[in-house]
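Text of final_17.pdb, listed as PDB, C-alpha atoms, pLDDT in the B column:
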```pdb
ATOM      1  CA  MET C   1       0.000   0.000   0.000  1.00 47.00           C
ATOM      2  CA  ALA C   2       1.194   3.482  -0.780  1.00 50.00           C
ATOM      3  CA  SER C   3       1.480   5.923   2.054  1.00 49.00           C
ATOM      4  CA  ALA C   4      -0.429   9.191   1.742  1.00 52.00           C
ATOM      5  CA  PHE C   5       2.056  11.698   3.109  1.00 50.00           C
ATOM      6  CA  ALA C   6       3.921  14.558   1.517  1.00 52.00           C
ATOM      7  CA  LEU C   7       7.539  15.414   2.073  1.00 47.00           C
ATOM      8  CA  PRO C   8       8.325  19.047   2.858  1.00 51.00           C
ATOM      9  CA  ALA C   9      10.199  21.038   0.235  1.00 54.00           C
ATOM     10  CA  PRO C  10      13.873  21.646   1.025  1.00 55.00           C
ATOM     11  CA  GLY C  11      14.859  25.046   2.382  1.00 58.00           C
ATOM     12  CA  LEU C  12      12.652  27.834   3.578  1.00 56.00           C
ATOM     13  CA  SER C  13       9.476  29.034   1.968  1.00 59.00           C
ATOM     14  CA  PRO C  14       9.355  32.652   0.763  1.00 56.00           C
ATOM     15  CA  ILE C  15       6.971  33.487   3.605  1.00 59.00           C
ATOM     16  CA  ASP C  16       9.482  32.161   6.158  1.00 59.00           C
ATOM     17  CA  LEU C  17      12.247  34.246   4.592  1.00 52.00           C
ATOM     18  CA  LEU C  18      10.172  37.414   4.710  1.00 56.00           C
ATOM     19  CA  SER C  19       8.831  36.945   8.219  1.00 55.00           C
ATOM     20  CA  ALA C  20      12.104  36.433  10.090  1.00 52.00           C
ATOM     21  CA  SER C  21      11.570  37.818  13.587  1.00 46.00           C
ATOM     22  CA  GLN C  22      15.164  38.965  14.215  1.00 46.00           C
ATOM     23  CA  PRO C  23      17.646  40.675  11.959  1.00 49.00           C
ATOM     24  CA  VAL C  24      18.929  37.988   9.646  1.00 45.00           C
ATOM     25  CA  ALA C  25      22.552  39.105   9.337  1.00 45.00           C
ATOM     26  CA  ASP C  26      23.279  39.007  13.104  1.00 59.00           C
ATOM     27  CA  LYS C  27      24.600  35.435  13.243  1.00 70.00           C
ATOM     28  CA  ILE C  28      26.570  35.466   9.973  1.00 75.00           C
ATOM     29  CA  SER C  29      30.303  36.174  10.062  1.00 83.00           C
ATOM     30  CA  ALA C  30      31.863  39.002   8.089  1.00 85.00           C
ATOM     31  CA  VAL C  31      33.515  36.447   5.804  1.00 87.00           C
ATOM     32  CA  GLY C  32      30.146  34.800   5.176  1.00 84.00           C
ATOM     33  CA  LYS C  33      28.573  38.147   4.356  1.00 89.00           C
ATOM     34  CA  ALA C  34      31.407  39.031   1.975  1.00 90.00           C
ATOM     35  CA  LYS C  35      31.143  35.684   0.198  1.00 90.00           C
ATOM     36  CA  ALA C  36      27.367  36.028  -0.114  1.00 89.00           C
ATOM     37  CA  LYS C  37      27.722  39.564  -1.495  1.00 91.00           C
ATOM     38  CA  ALA C  38      30.328  38.433  -4.043  1.00 91.00           C
ATOM     39  CA  ALA C  39      28.181  35.478  -5.121  1.00 92.00           C
ATOM     40  CA  ALA C  40      25.118  37.695  -5.493  1.00 92.00           C
ATOM     41  CA  GLN C  41      27.072  40.245  -7.511  1.00 92.00           C
ATOM     42  CA  ASP C  42      28.490  37.489  -9.742  1.00 92.00           C
ATOM     43  CA  PHE C  43      24.991  36.119 -10.312  1.00 92.00           C
ATOM     44  CA  GLU C  44      23.738  39.534 -11.368  1.00 93.00           C
ATOM     45  CA  ALA C  45      26.745  39.964 -13.683  1.00 93.00           C
ATOM     46  CA  VAL C  46      25.942  36.652 -15.410  1.00 93.00           C
ATOM     47  CA  PHE C  47      22.308  37.707 -15.828  1.00 93.00           C
ATOM     48  CA  LEU C  48      23.284  41.110 -17.217  1.00 92.00           C
ATOM     49  CA  ASN C  49      25.853  39.514 -19.524  1.00 93.00           C
ATOM     50  CA  THR C  50      23.136  37.325 -21.041  1.00 93.00           C
ATOM     51  CA  MET C  51      20.868  40.326 -21.548  1.00 91.00           C
ATOM     52  CA  ILE C  52      23.602  42.461 -23.100  1.00 88.00           C
ATOM     53  CA  GLN C  53      24.664  39.643 -25.444  1.00 88.00           C
ATOM     54  CA  GLN C  54      21.108  39.474 -26.751  1.00 88.00           C
ATOM     55  CA  MET C  55      21.276  43.165 -27.658  1.00 85.00           C
ATOM     56  CA  PHE C  56      24.275  42.491 -29.916  1.00 79.00           C
ATOM     57  CA  THR C  57      22.885  39.444 -31.755  1.00 77.00           C
ATOM     58  CA  GLY C  58      21.606  41.339 -34.797  1.00 74.00           C
ATOM     59  CA  ILE C  59      24.580  43.679 -35.192  1.00 72.00           C
ATOM     60  CA  LYS C  60      27.070  42.654 -37.877  1.00 69.00           C
ATOM     61  CA  GLY C  61      28.570  45.971 -39.059  1.00 62.00           C
ATOM     62  CA  GLU C  62      32.007  47.464 -39.008  1.00 64.00           C
ATOM     63  CA  GLY C  63      33.323  46.641 -35.577  1.00 57.00           C
ATOM     64  CA  PRO C  64      36.857  47.137 -34.372  1.00 59.00           C
ATOM     65  CA  PHE C  65      37.798  43.916 -36.172  1.00 56.00           C
ATOM     66  CA  GLY C  66      35.996  44.727 -39.412  1.00 59.00           C
ATOM     67  CA  GLY C  67      33.159  42.242 -39.001  1.00 63.00           C
ATOM     68  CA  SER C  68      35.449  39.187 -39.053  1.00 67.00           C
ATOM     69  CA  GLY C  69      35.163  36.115 -36.817  1.00 68.00           C
ATOM     70  CA  ALA C  70      37.124  37.936 -34.139  1.00 72.00           C
ATOM     71  CA  THR C  71      34.201  40.324 -33.670  1.00 75.00           C
ATOM     72  CA  GLY C  72      32.251  37.667 -31.785  1.00 75.00           C
ATOM     73  CA  VAL C  73      35.162  37.029 -29.438  1.00 79.00           C
ATOM     74  CA  TRP C  74      35.698  40.735 -28.869  1.00 80.00           C
ATOM     75  CA  ARG C  75      31.990  41.280 -28.199  1.00 82.00           C
ATOM     76  CA  SER C  76      31.888  38.442 -25.678  1.00 84.00           C
ATOM     77  CA  PHE C  77      34.733  40.085 -23.738  1.00 89.00           C
ATOM     78  CA  LEU C  78      33.059  43.474 -24.066  1.00 87.00           C
ATOM     79  CA  THR C  79      29.684  42.268 -22.812  1.00 89.00           C
ATOM     80  CA  ASP C  80      31.358  40.422 -19.942  1.00 91.00           C
ATOM     81  CA  GLU C  81      33.144  43.583 -18.805  1.00 92.00           C
ATOM     82  CA  TYR C  82      29.996  45.691 -19.248  1.00 91.00           C
ATOM     83  CA  ALA C  83      28.037  43.240 -17.102  1.00 92.00           C
ATOM     84  CA  LYS C  84      30.687  43.144 -14.353  1.00 91.00           C
ATOM     85  CA  SER C  85      30.895  46.932 -14.358  1.00 92.00           C
ATOM     86  CA  PHE C  86      27.110  47.369 -14.167  1.00 91.00           C
ATOM     87  CA  ALA C  87      26.774  44.809 -11.367  1.00 88.00           C
ATOM     88  CA  LYS C  88      29.613  46.398  -9.394  1.00 87.00           C
ATOM     89  CA  ALA C  89      27.999  49.838  -9.741  1.00 88.00           C
ATOM     90  CA  GLY C  90      24.720  48.626  -8.257  1.00 85.00           C
ATOM     91  CA  GLY C  91      23.176  46.773 -11.170  1.00 85.00           C
ATOM     92  CA  ILE C  92      19.442  46.474 -11.520  1.00 89.00           C
ATOM     93  CA  GLY C  93      18.681  45.196  -8.029  1.00 88.00           C
ATOM     94  CA  ILE C  94      19.004  41.449  -8.529  1.00 89.00           C
ATOM     95  CA  ALA C  95      22.156  41.197  -6.398  1.00 90.00           C
ATOM     96  CA  ASP C  96      20.405  42.775  -3.404  1.00 90.00           C
ATOM     97  CA  GLN C  97      17.574  40.245  -3.579  1.00 90.00           C
ATOM     98  CA  VAL C  98      19.939  37.299  -4.045  1.00 91.00           C
ATOM     99  CA  TYR C  99      22.136  38.534  -1.165  1.00 91.00           C
ATOM    100  CA  GLY C 100      19.126  38.734   1.147  1.00 90.00           C
ATOM    101  CA  ALA C 101      18.057  35.210   0.203  1.00 90.00           C
ATOM    102  CA  LEU C 102      21.580  33.823   0.682  1.00 89.00           C
ATOM    103  CA  ILE C 103      21.902  35.414   4.120  1.00 89.00           C
ATOM    104  CA  ALA C 104      18.458  34.143   5.126  1.00 88.00           C
ATOM    105  CA  GLN C 105      19.395  30.618   4.033  1.00 85.00           C
ATOM    106  CA  GLN C 106      22.637  30.783   6.029  1.00 83.00           C
ATOM    107  CA  GLU C 107      20.766  32.088   9.065  1.00 82.00           C
ATOM    108  CA  ALA C 108      18.255  29.253   8.852  1.00 79.00           C
ATOM    109  CA  LYS C 109      20.937  26.558   9.045  1.00 74.00           C
ATOM    110  CA  PRO C 110      21.257  25.048  12.538  1.00 66.00           C
TER     111      PRO C 110
END
```

Mind converting the file's structure to structure tokens?
Amino acid sequence: MASAFALPAPGLSPIDLLSASQPVADKISAVGKAKAKAAAQDFEAVFLNTMIQQMFTGIKGEGPFGGSGATGVWRSFLTDEYAKSFAKAGGIGIADQVYGALIAQQEAKP
């Protein structure tokens, strides 16, 4: 016979994350906070890189390499640096949300 029970989902639910009764970052070390901030910023940079690459997909033109095969390589480096620069300057707010979620997950661990 099959049992009729449901397993809980891993991690915290969004409601649990939002309704934390004490400040979340109190129990996390400075190293943990720095790592979480760097990971969140890297995540936002990857997201922005993907968005910026999509903006360049239809452009063939006269780039710095004259439209040759090297243009794609150059553009990938360019979009990567744009994305890192945007994320470091504050980005579009994704890093802040990811950082908050990472800290809340670390706080929830026993």

key: Gln53 in chain C surroundings by only C-alpha atoms, 7 Å radius, close-in-sequence under 4 positions cut, as a count of residues only   = 3

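Across the model, the gap from CA of Asp96 in chain C to CA of Ala83 in chain C is 15.7 Å.
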
query = What is the CA of Val46 in chain C-CA of Ser85 in chain C distance in Å, reported with one decimal?
reply = 11.5 Å

query = Any chance you could work out the residue set of the PyMOL selection byres ((chain C and resi 35-40) around 12) here, as JSON, numbers by chain?
reply = {"C": [25, 28, 29, 30, 31, 32, 33, 34, 41, 42, 43, 44, 45, 46, 47, 84, 87, 88, 90, 91, 93, 94, 95, 96, 97, 98, 99, 100, 101, 102, 103, 104, 105, 106, 107]}

message = Using Å and a single decimal, report how far CA of Gly72 in chain C sits from CA of Met51 in chain C.
response = 15.5 Å

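Take the candidates C:Ala108, C:Phe86, C:Lys27, C:Phe56 and check each one against Trp74 in chain C using all atoms listed in the file; the shortest distance goes to C:Phe56.
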